[in-house]
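A.B. asks: Below is the file query_15.txt, which contains compact mmCIF, C-alpha atoms.
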```
# COMPACT_ATOMS: atom_id res chain seq x y z
CA MET B 192 -32.03 -15.36 -24.50
CA LYS B 193 -32.59 -11.89 -23.08
CA HIS B 194 -32.24 -13.19 -19.51
CA LEU B 195 -29.16 -15.18 -20.52
CA ARG B 196 -27.49 -12.10 -22.03
CA GLY B 197 -28.25 -10.07 -18.91
CA GLY B 198 -26.74 -12.77 -16.71
CA VAL B 199 -23.58 -12.89 -18.80
CA ARG B 200 -23.28 -9.10 -18.59
CA HIS B 201 -23.57 -9.22 -14.78
CA VAL B 202 -20.92 -11.94 -14.57
CA VAL B 203 -18.54 -9.95 -16.79
CA ARG B 204 -19.13 -6.85 -14.69
CA PHE B 205 -18.45 -8.76 -11.45
CA VAL B 206 -15.21 -10.26 -12.82
CA ALA B 207 -14.09 -6.84 -14.15
CA VAL B 208 -14.60 -5.15 -10.77
CA GLY B 209 -12.64 -7.96 -9.09
CA ALA B 210 -9.83 -7.57 -11.61
CA LEU B 211 -9.66 -3.82 -10.96
CA ALA B 212 -9.42 -4.39 -7.21
CA CYS B 213 -6.74 -7.11 -7.49
CA GLY B 214 -4.75 -5.15 -10.04
CA GLY B 215 -4.84 -2.06 -7.86
CA VAL B 216 -3.41 -4.00 -4.94
CA MET B 217 -0.66 -5.46 -7.17
CA VAL B 218 0.29 -2.03 -8.50
CA SER B 219 0.38 -0.44 -5.03
CA GLN B 220 2.70 -3.18 -3.80
CA ALA B 221 4.97 -3.09 -6.84
CA GLY B 222 5.59 0.66 -6.99
CA PRO B 223 8.24 2.57 -5.10
CA GLY B 224 5.69 3.73 -2.58
CA GLY B 225 4.35 0.24 -2.00
CA SER B 226 5.84 -2.73 -0.24
CA ALA B 227 7.83 -5.68 -1.44
CA HIS B 228 7.55 -8.95 0.38
CA GLY B 229 10.20 -10.92 2.15
CA THR B 230 10.65 -14.55 3.07
CA SER B 231 7.96 -16.51 4.82
CA GLY B 232 8.51 -17.23 8.45
CA GLY B 233 6.47 -18.59 11.28
CA ASP B 234 4.16 -15.60 11.07
CA GLY B 235 3.64 -15.71 7.31
CA THR B 236 4.99 -13.40 4.67
CA ARG B 237 7.02 -10.48 6.02
CA THR B 238 6.73 -6.97 4.60
CA LEU B 239 9.90 -5.04 3.84
CA SER B 240 9.11 -2.12 6.07
CA ALA B 241 10.40 -0.78 9.34
CA HIS B 242 9.65 1.88 11.89
CA GLY B 243 10.10 5.22 10.22
CA THR B 244 13.00 6.81 12.01
CA ASP B 245 13.01 10.56 12.22
CA ASP B 246 15.56 9.68 14.98
CA LEU B 247 14.16 12.12 17.49
CA GLY B 248 16.06 10.21 20.16
CA GLY B 249 19.37 10.67 18.39
CA ARG B 250 18.78 14.41 18.02
CA LEU B 251 17.95 14.76 21.71
CA VAL B 252 21.10 12.85 22.68
CA SER B 253 23.17 15.23 20.53
CA GLU B 254 21.48 18.32 21.97
CA LEU B 255 21.71 17.29 25.63
CA GLY B 256 25.24 15.92 25.40
CA ALA B 257 27.11 12.77 26.45
CA SER B 258 27.38 13.85 30.10
CA ARG B 259 23.57 13.96 30.55
CA THR B 260 22.46 11.10 28.30
CA ALA B 261 23.46 7.51 27.58
CA GLY B 262 21.99 6.70 24.17
CA SER B 263 18.52 6.07 22.80
CA TRP B 264 16.39 3.28 21.38
CA ILE B 265 12.91 2.53 20.05
CA GLY B 266 10.51 1.40 22.77
CA ALA B 267 7.90 -1.35 22.54
CA ASP B 268 5.26 1.27 21.73
CA GLY B 269 7.30 2.61 18.82
CA ARG B 270 8.25 5.85 20.60
CA PRO B 271 11.91 6.86 21.04
CA VAL B 272 13.35 6.33 24.51
CA VAL B 273 16.28 8.43 25.73
CA ALA B 274 18.47 7.46 28.69
CA VAL B 275 19.10 10.53 30.86
CA THR B 276 21.03 11.19 34.05
CA ASP B 277 19.18 14.18 35.55
CA ASP B 278 15.66 15.54 35.98
CA ALA B 279 16.18 18.57 33.74
CA ALA B 280 17.23 16.33 30.85
CA ALA B 281 14.22 14.09 31.51
CA ASP B 282 11.89 17.10 31.30
CA ALA B 283 13.45 18.21 28.01
CA VAL B 284 13.00 14.75 26.54
CA SER B 285 9.37 14.55 27.62
CA ARG B 286 8.58 18.00 26.20
CA ALA B 287 10.04 16.92 22.84
CA GLY B 288 7.64 13.97 22.68
CA ALA B 289 10.01 11.12 23.60
CA THR B 290 10.14 8.87 26.66
CA ALA B 291 12.83 9.60 29.26
CA GLU B 292 14.44 6.84 31.32
CA ARG B 293 16.69 7.70 34.25
CA VAL B 294 19.97 5.76 34.31
CA ARG B 295 23.05 5.63 36.51
CA TYR B 296 25.86 5.99 33.98
CA SER B 297 26.28 8.66 31.31
CA MET B 298 27.65 7.96 27.84
CA GLU B 299 30.90 9.65 28.89
CA GLN B 300 31.33 7.06 31.64
CA LEU B 301 30.43 4.16 29.35
CA ASP B 302 32.79 5.44 26.63
CA SER B 303 35.56 5.65 29.21
CA ALA B 304 35.03 1.96 29.98
CA THR B 305 35.23 0.97 26.29
CA ALA B 306 38.44 3.01 25.91
CA LYS B 307 40.03 0.96 28.70
CA LEU B 308 38.91 -2.25 27.00
CA ARG B 309 40.54 -1.10 23.74
CA ALA B 310 43.77 -0.29 25.58
CA ALA B 311 43.99 -3.80 27.08
CA PRO B 312 45.78 -6.65 25.24
CA ARG B 313 43.67 -7.79 22.29
CA VAL B 314 41.81 -11.11 22.64
CA ALA B 315 40.52 -12.61 19.37
CA GLY B 316 36.95 -13.89 19.66
CA THR B 317 35.72 -11.06 21.89
CA ALA B 318 33.48 -8.08 21.17
CA TRP B 319 31.95 -5.23 23.13
CA LEU B 320 29.42 -2.47 22.71
CA VAL B 321 27.32 -0.02 24.72
CA ASP B 322 23.82 -1.37 25.41
CA PRO B 323 21.72 1.74 26.15
CA ARG B 324 18.78 -0.27 27.48
CA SER B 325 20.79 -1.95 30.24
CA ASN B 326 23.03 1.13 30.66
CA GLN B 327 26.10 -1.07 30.49
CA VAL B 328 29.02 -2.00 28.28
CA VAL B 329 28.51 -5.64 27.30
CA VAL B 330 31.63 -7.75 26.69
CA VAL B 331 30.99 -10.94 24.73
CA GLY B 332 33.33 -13.91 24.34
CA ASP B 333 32.81 -16.59 21.68
CA SER B 334 33.57 -20.31 21.89
CA THR B 335 37.18 -19.87 20.70
CA VAL B 336 38.25 -17.84 23.75
CA SER B 337 40.10 -20.09 26.19
CA THR B 338 39.06 -20.37 29.82
CA ALA B 339 42.22 -18.59 30.95
CA ARG B 340 41.80 -15.68 28.55
CA TRP B 341 38.12 -15.31 29.40
CA ALA B 342 39.00 -15.24 33.11
CA ARG B 343 41.35 -12.32 32.41
CA MET B 344 38.61 -10.49 30.48
CA LYS B 345 36.20 -10.99 33.38
CA ASP B 346 38.81 -9.68 35.85
CA LEU B 347 39.26 -6.57 33.68
CA ALA B 348 35.49 -6.04 33.52
CA ALA B 349 35.26 -6.34 37.31
CA GLU B 350 37.98 -3.70 37.71
CA LEU B 351 36.02 -1.31 35.50
CA GLY B 352 32.93 -1.54 37.72
CA ASP B 353 29.23 -2.27 37.46
CA GLU B 354 28.91 -0.43 34.14
CA VAL B 355 30.55 -3.45 32.45
CA ARG B 356 29.15 -6.98 32.27
CA THR B 357 30.33 -10.10 30.47
CA ARG B 358 28.64 -13.02 28.73
CA ARG B 359 29.63 -15.94 26.50
CA THR B 360 28.09 -16.84 23.15
CA THR B 361 28.08 -19.99 21.04
CA GLY B 362 29.88 -20.18 17.72
CA SER B 363 32.76 -17.89 16.79
CA PHE B 364 33.14 -14.36 15.47
CA THR B 365 34.23 -14.70 11.87
CA THR B 366 34.15 -12.63 8.73
CA ARG B 367 31.76 -14.18 6.24
CA THR B 368 32.53 -14.55 2.56
CA ALA B 369 30.02 -14.42 -0.35
CA GLY B 370 26.55 -12.85 -0.34
CA ALA B 371 23.52 -11.42 -2.16
CA SER B 372 24.85 -11.01 -5.71
CA PRO B 373 27.87 -13.31 -5.85
CA MET B 374 31.30 -12.12 -6.97
CA PHE B 375 34.15 -14.56 -7.52
CA THR B 376 37.91 -14.19 -7.41
CA GLY B 377 40.61 -16.85 -7.41
CA GLY B 378 38.36 -19.56 -5.98
CA ALA B 379 36.98 -17.25 -3.26
CA ARG B 380 33.50 -15.77 -3.25
CA CYS B 381 32.08 -12.53 -1.89
CA SER B 382 29.00 -10.36 -2.30
CA ALA B 383 27.84 -7.10 -3.78
CA GLY B 384 26.35 -4.75 -1.19
CA PHE B 385 25.13 -1.55 -2.88
CA ASN B 386 25.79 0.07 -6.23
CA VAL B 387 27.41 3.49 -5.76
CA THR B 388 28.82 6.28 -7.92
CA ASP B 389 31.19 9.24 -7.63
CA GLY B 390 29.27 11.06 -10.38
CA ARG B 391 31.58 9.77 -13.10
CA ALA B 392 32.01 6.02 -12.71
CA GLY B 393 30.01 3.15 -11.16
CA PHE B 394 31.21 1.02 -8.27
CA ILE B 395 30.10 -1.77 -5.92
CA LEU B 396 30.31 -1.12 -2.17
CA THR B 397 31.11 -4.37 -0.39
CA ALA B 398 33.00 -5.72 2.63
CA GLY B 399 36.67 -4.80 3.01
CA HIS B 400 37.73 -8.28 4.08
CA CYS B 401 36.60 -9.58 0.69
CA GLY B 402 39.89 -8.61 -0.93
CA PRO B 403 42.68 -6.03 -1.11
CA THR B 404 43.14 -3.33 -3.74
CA GLY B 405 43.77 -4.85 -7.17
CA THR B 406 41.48 -7.87 -6.69
CA SER B 407 39.66 -8.85 -9.92
CA TRP B 408 36.02 -9.95 -9.63
CA PHE B 409 33.85 -12.12 -11.87
CA ALA B 410 30.12 -12.85 -12.00
CA ASP B 411 30.70 -16.62 -12.26
CA SER B 412 33.10 -19.14 -10.77
CA SER B 413 34.52 -19.96 -14.21
CA GLY B 414 35.75 -16.36 -14.60
CA SER B 415 34.06 -15.83 -17.97
CA THR B 416 32.14 -12.63 -17.05
CA HIS B 417 34.35 -9.90 -15.64
CA ILE B 418 32.74 -7.46 -13.18
CA GLY B 419 35.52 -5.12 -12.11
CA THR B 420 38.48 -4.45 -9.85
CA THR B 421 38.86 -3.43 -6.20
CA VAL B 422 40.23 0.12 -6.17
CA ARG B 423 39.87 0.96 -2.44
CA SER B 424 39.82 -1.34 0.60
CA SER B 425 39.84 -0.80 4.36
CA PHE B 426 40.18 -3.81 6.70
CA PRO B 427 40.76 -4.25 9.61
CA GLY B 428 39.82 -1.08 11.47
CA ASP B 429 36.91 -0.64 9.07
CA ASP B 430 35.30 -3.25 6.81
CA PHE B 431 34.44 -1.73 3.43
CA SER B 432 35.84 -1.74 -0.09
CA LEU B 433 35.06 -0.25 -3.48
CA VAL B 434 34.95 -2.34 -6.66
CA ARG B 435 35.03 -0.33 -9.90
CA TYR B 436 32.73 -1.62 -12.65
CA ASP B 437 34.83 -2.50 -15.73
CA ASN B 438 31.92 -4.24 -17.46
CA THR B 439 29.55 -1.56 -18.79
CA ALA B 440 26.83 -4.13 -19.57
CA LEU B 441 26.06 -4.75 -15.89
CA ASP B 442 23.26 -3.00 -13.98
CA ARG B 443 24.48 -0.08 -11.85
CA SER B 444 21.15 1.28 -10.56
CA GLY B 445 20.29 1.80 -6.90
CA VAL B 446 18.24 -1.40 -6.59
CA VAL B 447 18.83 -4.32 -4.19
CA ASP B 448 17.96 -7.82 -5.40
CA VAL B 449 16.24 -9.71 -2.56
CA GLY B 450 15.65 -12.95 -4.47
CA GLY B 451 12.62 -14.57 -6.08
CA GLY B 452 12.54 -11.95 -8.81
CA ARG B 453 11.95 -9.21 -6.22
CA ALA B 454 13.89 -6.00 -5.78
CA VAL B 455 13.92 -3.04 -3.40
CA ARG B 456 14.75 0.44 -4.67
CA VAL B 457 17.20 2.25 -2.39
CA THR B 458 15.93 5.79 -1.80
CA GLY B 459 18.17 6.97 1.04
CA VAL B 460 21.04 6.21 3.39
CA ALA B 461 21.03 6.57 7.17
CA ASP B 462 22.38 5.36 10.48
CA PRO B 463 20.05 2.89 12.24
CA VAL B 464 18.46 3.22 15.68
CA VAL B 465 18.65 0.64 18.47
CA GLY B 466 15.41 -1.36 18.42
CA GLN B 467 14.73 -0.72 14.73
CA GLU B 468 13.59 -3.61 12.51
CA VAL B 469 16.01 -4.23 9.63
CA PHE B 470 16.47 -6.62 6.70
CA ARG B 471 19.52 -8.32 5.24
CA GLY B 472 20.02 -10.03 1.88
CA GLY B 473 22.40 -12.92 1.25
CA SER B 474 22.82 -15.76 -1.23
CA THR B 475 23.12 -18.47 1.43
CA THR B 476 20.15 -17.67 3.65
CA GLY B 477 18.18 -15.26 1.44
CA LEU B 478 16.20 -12.40 2.94
CA ARG B 479 16.20 -12.26 6.75
CA SER B 480 14.99 -9.75 9.32
CA GLY B 481 15.84 -8.82 12.88
CA LYS B 482 16.43 -5.92 15.26
CA VAL B 483 19.30 -3.53 15.82
CA THR B 484 20.68 -4.27 19.29
CA GLY B 485 23.68 -1.94 19.46
CA LEU B 486 25.82 0.65 17.69
CA ASP B 487 29.54 1.44 17.68
CA ALA B 488 30.43 -2.19 18.42
CA THR B 489 34.05 -3.41 18.48
CA VAL B 490 34.75 -6.95 17.22
CA ASN B 491 38.09 -8.72 17.56
CA TYR B 492 38.12 -11.02 14.52
CA PRO B 493 41.02 -13.45 14.08
CA GLU B 494 42.19 -11.24 11.18
CA GLY B 495 42.08 -8.02 13.21
CA THR B 496 39.87 -5.60 15.13
CA VAL B 497 37.02 -3.67 13.50
CA THR B 498 35.29 -0.80 15.31
CA GLY B 499 32.12 1.26 14.87
CA LEU B 500 29.93 -1.65 13.74
CA ILE B 501 26.14 -2.13 13.91
CA GLN B 502 25.09 -5.14 16.01
CA THR B 503 21.85 -6.96 15.12
CA THR B 504 19.87 -10.12 15.75
CA VAL B 505 19.62 -10.79 11.98
CA CYS B 506 21.04 -14.24 11.39
CA ALA B 507 23.75 -14.88 8.79
CA GLU B 508 25.87 -17.78 7.61
CA PRO B 509 29.02 -18.24 5.53
CA GLY B 510 27.98 -17.08 2.08
CA ASP B 511 26.22 -13.89 3.27
CA SER B 512 29.17 -11.51 3.68
CA GLY B 513 29.08 -8.12 2.01
CA GLY B 514 25.32 -8.33 1.57
CA PRO B 515 23.15 -5.25 2.13
CA LEU B 516 21.42 -4.21 5.37
CA PHE B 517 18.44 -1.95 4.79
CA ALA B 518 15.01 -0.89 6.07
CA GLY B 519 12.16 0.68 4.14
CA GLY B 520 14.36 1.33 1.11
CA VAL B 521 17.06 3.04 3.21
CA ALA B 522 20.61 1.64 3.03
CA LEU B 523 22.09 1.05 6.49
CA GLY B 524 25.07 -1.32 6.32
CA ILE B 525 27.02 -4.12 4.68
CA THR B 526 27.54 -7.52 6.28
CA SER B 527 30.86 -7.81 8.10
CA GLY B 528 30.70 -10.94 10.29
CA GLY B 529 29.22 -12.52 13.36
CA SER B 530 28.49 -15.76 15.16
CA GLY B 531 25.79 -18.44 15.08
CA ASP B 532 23.59 -19.39 12.14
CA CYS B 533 19.99 -19.19 10.94
CA VAL B 534 18.97 -22.36 12.81
CA ARG B 535 20.21 -21.55 16.31
CA GLY B 536 20.34 -17.78 15.84
CA GLY B 537 23.24 -15.55 16.74
CA MET B 538 24.49 -12.01 16.26
CA THR B 539 25.68 -10.32 13.08
CA PHE B 540 27.73 -7.14 12.66
CA PHE B 541 27.51 -4.60 9.83
CA GLN B 542 29.75 -1.83 8.57
CA PRO B 543 27.66 1.40 8.58
CA VAL B 544 27.03 2.63 5.03
CA THR B 545 27.18 6.30 6.02
CA GLU B 546 30.77 6.00 7.23
CA ALA B 547 31.84 4.09 4.13
CA LEU B 548 30.22 6.54 1.71
CA SER B 549 31.81 9.52 3.47
CA ALA B 550 35.27 7.92 3.53
CA LEU B 551 35.11 6.86 -0.13
CA GLY B 552 33.42 9.99 -1.52
CA VAL B 553 30.60 8.11 -3.26
CA ARG B 554 26.80 7.84 -3.02
CA VAL B 555 24.03 5.41 -3.89
CA PRO B 556 22.38 6.52 -7.18
CA GLY B 557 19.12 8.40 -6.65
CA THR B 558 19.34 8.59 -2.86
CA VAL B 559 19.14 11.31 -0.25
CA ALA B 560 21.76 11.09 2.48
CA ARG B 561 20.73 11.23 6.13
CA ASN B 562 23.12 11.76 9.04
CA THR B 563 26.18 11.58 6.78
CA GLY B 564 29.29 13.70 6.85
CA PRO B 565 30.61 15.82 3.99
CA SER B 566 31.65 13.91 0.92
CA ALA B 567 35.14 14.03 -0.50
CA ALA B 568 33.76 13.98 -4.02
CA SER B 569 31.58 16.24 -6.16
CA GLY B 570 31.55 19.00 -3.56
CA GLY B 571 28.44 17.70 -1.81
CA PRO B 572 27.22 15.15 0.70
CA PRO B 573 27.00 11.49 -0.29
CA GLY B 574 23.56 10.75 -1.63
CA ALA B 575 22.83 14.33 -2.69
CA ALA B 576 20.94 14.63 -5.96
CA SER B 577 23.02 15.20 -9.08
CA ALA B 578 22.28 17.68 -11.82
CA PRO B 579 19.55 16.61 -14.24
CA GLY B 580 20.81 13.99 -16.62
CA ALA B 581 23.71 12.95 -14.43
CA PRO B 582 24.11 9.29 -13.52
CA GLY B 583 21.80 8.34 -10.70
CA SER B 584 20.12 11.72 -10.63
CA GLY B 585 16.50 12.77 -10.65
CA ASP B 586 13.58 11.01 -9.03
CA GLY B 587 15.00 7.49 -9.01
CA VAL B 588 13.68 6.50 -12.46
CA SER B 589 15.73 8.83 -14.64
CA THR B 590 18.13 6.35 -16.24
CA PRO B 591 17.12 3.62 -18.74
CA ASP B 592 17.79 0.97 -16.12
CA HIS B 593 15.51 2.79 -13.68
CA VAL B 594 12.75 3.17 -16.27
CA VAL B 595 12.85 -0.52 -17.22
CA ALA B 596 12.86 -1.63 -13.58
CA TYR B 597 10.04 0.80 -12.79
CA ALA B 598 7.90 -0.44 -15.70
CA ARG B 599 8.54 -4.08 -14.89
CA SER B 600 7.54 -3.56 -11.26
CA PHE B 601 4.13 -2.27 -12.34
CA GLY B 602 3.68 -4.64 -15.30
CA PRO B 603 1.53 -7.54 -13.99
CA GLY B 604 -0.75 -5.40 -11.84
CA LEU B 605 -1.16 -2.78 -14.53
CA ALA B 606 -2.13 -5.43 -17.08
CA VAL B 607 -4.82 -6.77 -14.76
CA VAL B 608 -6.16 -3.23 -14.20
CA VAL B 609 -6.34 -2.58 -17.97
CA VAL B 610 -8.19 -5.86 -18.66
CA GLY B 611 -10.57 -5.22 -15.78
CA PHE B 612 -11.28 -1.68 -16.93
CA ALA B 613 -11.93 -2.82 -20.50
CA GLY B 614 -14.33 -5.49 -19.28
CA LEU B 615 -16.21 -3.07 -17.06
CA LEU B 616 -16.40 -0.48 -19.83
CA SER B 617 -17.87 -3.03 -22.23
CA THR B 618 -20.72 -3.81 -19.83
CA LEU B 619 -21.54 -0.14 -19.34
CA THR B 620 -21.27 1.25 -22.87
CA VAL B 621 -22.04 -1.59 -25.26
CA ARG B 622 -25.73 -2.41 -25.37
CA PRO B 623 -27.49 -5.07 -27.41
CA ARG B 624 -29.01 -3.75 -30.62
CA ARG B 625 -32.44 -4.85 -31.64
CA ARG B 626 -32.71 -5.98 -35.23
CA ARG B 627 -35.92 -5.60 -37.10
CA ARG B 628 -35.71 -9.23 -38.07
CA ARG B 629 -37.23 -11.14 -35.23
CA GLY B 630 -35.19 -13.78 -33.38
CA TYR B 631 -31.70 -12.32 -33.96
CA SER B 632 -29.43 -10.20 -31.74
CA THR B 633 -25.93 -8.86 -32.27
CA GLY B 634 -25.48 -7.71 -28.69
CA TRP B 635 -22.27 -8.61 -26.71
CA GLY B 636 -24.40 -9.79 -23.79
```
What would you get if you wrote out this structure as structure tokens?

C.D. replies:
Amino acid sequence: MKHLRGGVRHVVRFVAVGALACGGVMVSQAGPGGSAHGTSGGDGTRTLSAHGTDDLGGRLVSELGASRTAGSWIGADGRPVVAVTDDAAADAVSRAGATAERVRYSMEQLDSATAKLRAAPRVAGTAWLVDPRSNQVVVVGDSTVSTARWARMKDLAAELGDEVRTRRTTGSFTTRTAGASPMFTGGARCSAGFNVTDGRAGFILTAGHCGPTGTSWFADSSGSTHIGTTVRSSFPGDDFSLVRYDNTALDRSGVVDVGGGRAVRVTGVADPVVGQEVFRGGSTTGLRSGKVTGLDATVNYPEGTVTGLIQTTVCAEPGDSGGPLFAGGVALGITSGGSGDCVRGGMTFFQPVTEALSALGVRVPGTVARNTGPSAASGGPPGAASAPGAPGSGDGVSTPDHVVAYARSFGPGLAVVVVGFAGLLSTLTVRPRRRRRRGYSTGWG
């Protein structure tokens, strides 16, 4: 019996240590400093993380100027790469710790080419952007552009010189309705992007093409659960809108639902960097990842032209519009439109969040703004912390919704840790007692 009790105690101790280890991993992944997991792909489960972007390249471009640089991107080794036009600029970039790449055309020259494209007659189904890696303006035509119209676009590109190149793409550039958390109106469907606030009321930031000012939104297609009303909308030109929450029972915290009971807490807002890995949420295709391939893109949708967009390789399909683009808990954009699908691939464009927040005078609750302009509301930049006790203020878990979400995220792992600790403690502190009466033991084993 003595040997049996000792064996049981060793087994309990082994299981307890294992529980502590597993629980610790679960807690580290559930907390704000840990990692949530995305959809499984060919390489297994993806982690919702991305290259941390101190955007050294962007700062160097700003310091050296558009006449001596032509953009920046993240290289294969993870270091920022800056396109430069002279040796002195290359030396400055190298001294700052980035990689310099000599190019032929400056950003001033490339911007001049895009200005001439904007001044030409508009052709629906075309888009263009500056590709810093090829040091060219890339003009793209979708499948809806006729042969004659595409020939005219190619002639215009040839007139502009070698800094402009053209290519065709499959599919068509369309705005995409619906998305991550569905919103319904009059038989149409769109998506919630990010919860935002002006310090007094709560709003949803979503795509502008979803609906004009005055549009009523519901959480279900039957129209039984009212969400709110569109109070600001900008499309075309931009592609963002603001839906005021009229239903106080709905969650307004700075958390993005990525499906499968998983959520990502938004802790900041920023502009992305070319080459950065990003994630997008949508109700049709779920959580998807890809790379940023260009900034300040112009897209000629059938409904009108939108400028200043983020171009990515993240796939999207009808049903994903308005959904959030983010990386490492940082809000980057909201889904505008694109071409292709998640079988053949394609390109997707996003309205930058920083521009929308600045124009609307709102911020994501509990975030710190990065690279954003002055806000029109509350006398501070979008994303700046509020006073203690204000909506969305503090350390990201200050409101009841934050506290509940925070506790739930730790719940399963914490429970395993507690059980494991209790089991280990029992094997270390509780010893079998010897009774004077021979043959009996009250020990726990």

A.B. asks: My list of candidates is B:Phe431, B:Phe470, B:Tyr296, B:Trp408. Which is closest to B:Thr498 when distances are computed with only C-alpha atoms?

C.D. replies: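 Of the candidates, the smallest distance to B:Thr498 is held by B:Phe431.
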
A.B. asks: Using Å and a single decimal, report how far atom CA of B:Ser382 sits from atom CA of B:Ser413.

C.D. replies: 16.3 Å

A.B. asks: Rounded to one decimal, what separation in Å do you get between atom CA of B:Thr416 and atom CA of B:Val387?

C.D. replies: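 About the pair atom CA of B:Thr416 and atom CA of B:Val387: they are 20.2 Å apart.
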
A.B. asks: By how many Å are atom CA of B:Val555 and atom CA of B:Arg471 apart?

C.D. replies: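 Answer for the atom CA of B:Val555 to atom CA of B:Arg471 separation: 17.1 Å.
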
A.B. asks: Find the spatial neighbours of stretch 442-446 of chain B, counting all atoms listed in the file, within a cut-off of 7 Å - ignore same-chain residues fewer than 2 positions away - and output them as a list of chain:residue names.

C.D. replies: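 Surrounding residues, per the criterion: B:Asn386, B:Gly393, B:Ala440, B:Asp448, B:Ala454, B:Val455, B:Arg456, B:Val457, B:Val555, B:Pro556, B:Gly557, B:Asp592, B:His593.
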
A.B. asks: Please, which residues are within 7 Å of (15.3, -12.5, 10.7) by the file's coordinates, counting only C-alpha atoms, and could they come as a ChimeraX atom specification?

C.D. replies: /B:479-481,505-506

A.B. asks: So, counting only C-alpha atoms, which residue among B:Ile395, B:Val355, B:Cys533, B:Ala410 is closest to B:Arg380?

C.D. replies: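 Smallest distance to B:Arg380 is found for B:Ala410.
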
A.B. asks: Of the residues B:Gly450, B:Ala289, B:Thr489, B:Phe540, which is the one nearest to B:Leu308, using only C-alpha atoms?

C.D. replies: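 Comparing B:Gly450, B:Ala289, B:Thr489, B:Phe540 against B:Leu308, the winner is B:Thr489.
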
A.B. asks: Measuring between all atoms listed in the file, which one of B:Ala383, B:Leu351, B:Ala304, B:Ala280 shows the shortest distance to B:Ser474?

C.D. replies: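 Closest candidate: B:Ala383.
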
A.B. asks: Let me make sure I understand: among B:Val314, B:Ala291, B:Trp319, B:Gly485, which one has the smallest atom-to-atom distance to B:Arg340 if we use all atoms listed in the file?

C.D. replies: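 For B:Arg340, the nearest of the given residues is B:Val314.
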
A.B. asks: Using all atoms listed in the file, determine which residues lie at most 12 Å from B:Trp341, disregarding the query and same-chain residues fewer than 2 positions distant; provide the list as a list in words.

C.D. replies: Arg313, Val314, Ala315, Gly316, Thr317, Ala318, Val330, Val331, Gly332, Asp333, Ser334, Thr335, Val336, Ser337, Thr338, Ala339, Arg343, Met344, Lys345, Asp346, Leu347, Ala348, Thr357, Arg358, Arg359 and Thr360 of chain B

A.B. asks: From the options B:Val422, B:Ala306, B:Leu478, B:Ala398, which residue's atoms come nearest to B:Pro543, counting all atoms listed in the file?

C.D. replies: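 Result for the nearest residue to B:Pro543: B:Ala398.
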
A.B. asks: Write out as a list of chain:residue names each polymer residue whose atoms come within 6 Å of stretch 424-428 of chain B, counting all atoms listed in the file; drop sequence neighbours fewer than 6 positions from it.

C.D. replies: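 The contact residues come out as B:Gly399, B:His400, B:Pro403, B:Thr404, B:Gly495, B:Thr496, B:Val497, B:Thr498.
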
A.B. asks: Those selected residues, please, written with C-alpha atoms and delivered as a CSV table (one decimal), in the frame of the given file.

C.D. replies:
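Full text of part-v1.csv as output:
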```csv
chain,number,residue,atom,x,y,z
B,399,GLY,CA,36.7,-4.8,3.0
B,400,HIS,CA,37.7,-8.3,4.1
B,403,PRO,CA,42.7,-6.0,-1.1
B,404,THR,CA,43.1,-3.3,-3.7
B,495,GLY,CA,42.1,-8.0,13.2
B,496,THR,CA,39.9,-5.6,15.1
B,497,VAL,CA,37.0,-3.7,13.5
B,498,THR,CA,35.3,-0.8,15.3
```

A.B. asks: Give me the residues near stretch 516-524 of chain B as a ChimeraX atom specification, where near means some atom within 7 Å (using all atoms listed in the file) and where sequence neighbours in that chain fewer than 6 positions away do not count.

C.D. replies: /B:239-241,455-463,469-472,541-544

A.B. asks: Export, as an mmCIF file, keeping the file's coordinate frame, the selected residues with C-alpha atoms.

C.D. replies:
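New file result-v1.cif:
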```cif
data_model
loop_
_atom_site.group_PDB
_atom_site.id
_atom_site.type_symbol
_atom_site.label_atom_id
_atom_site.label_comp_id
_atom_site.auth_asym_id
_atom_site.auth_seq_id
_atom_site.Cartn_x
_atom_site.Cartn_y
_atom_site.Cartn_z
ATOM 1 C CA LEU B 239 9.900 -5.040 3.840
ATOM 2 C CA SER B 240 9.110 -2.120 6.070
ATOM 3 C CA ALA B 241 10.400 -0.780 9.340
ATOM 4 C CA VAL B 455 13.920 -3.040 -3.400
ATOM 5 C CA ARG B 456 14.750 0.440 -4.670
ATOM 6 C CA VAL B 457 17.200 2.250 -2.390
ATOM 7 C CA THR B 458 15.930 5.790 -1.800
ATOM 8 C CA GLY B 459 18.170 6.970 1.040
ATOM 9 C CA VAL B 460 21.040 6.210 3.390
ATOM 10 C CA ALA B 461 21.030 6.570 7.170
ATOM 11 C CA ASP B 462 22.380 5.360 10.480
ATOM 12 C CA PRO B 463 20.050 2.890 12.240
ATOM 13 C CA VAL B 469 16.010 -4.230 9.630
ATOM 14 C CA PHE B 470 16.470 -6.620 6.700
ATOM 15 C CA ARG B 471 19.520 -8.320 5.240
ATOM 16 C CA GLY B 472 20.020 -10.030 1.880
ATOM 17 C CA PHE B 541 27.510 -4.600 9.830
ATOM 18 C CA GLN B 542 29.750 -1.830 8.570
ATOM 19 C CA PRO B 543 27.660 1.400 8.580
ATOM 20 C CA VAL B 544 27.030 2.630 5.030
#
```

A.B. asks: Give me the box for stretch 377-380 of chain B as JSON, namely the centre and edge lengths in Å to one decimal of a box along x, y and z that holds every listed atom plus 8 Å on each side.

C.D. replies:
```
{"center_x": 37.1, "center_y": -17.7, "center_z": -5.3, "size_x": 23.1, "size_y": 19.8, "size_z": 20.2}
```

A.B. asks: List the neighbours of B:Arg295 out to 10 Å using only C-alpha atoms; skip same-chain residues closer than 6 positions along the sequence, and give me the result as a list in words.

C.D. replies: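 The neighbour list is Thr260, Ala261, Ala274, Val275, Thr276, Asp277, Asn326, Gln327 and Glu354 of chain B.
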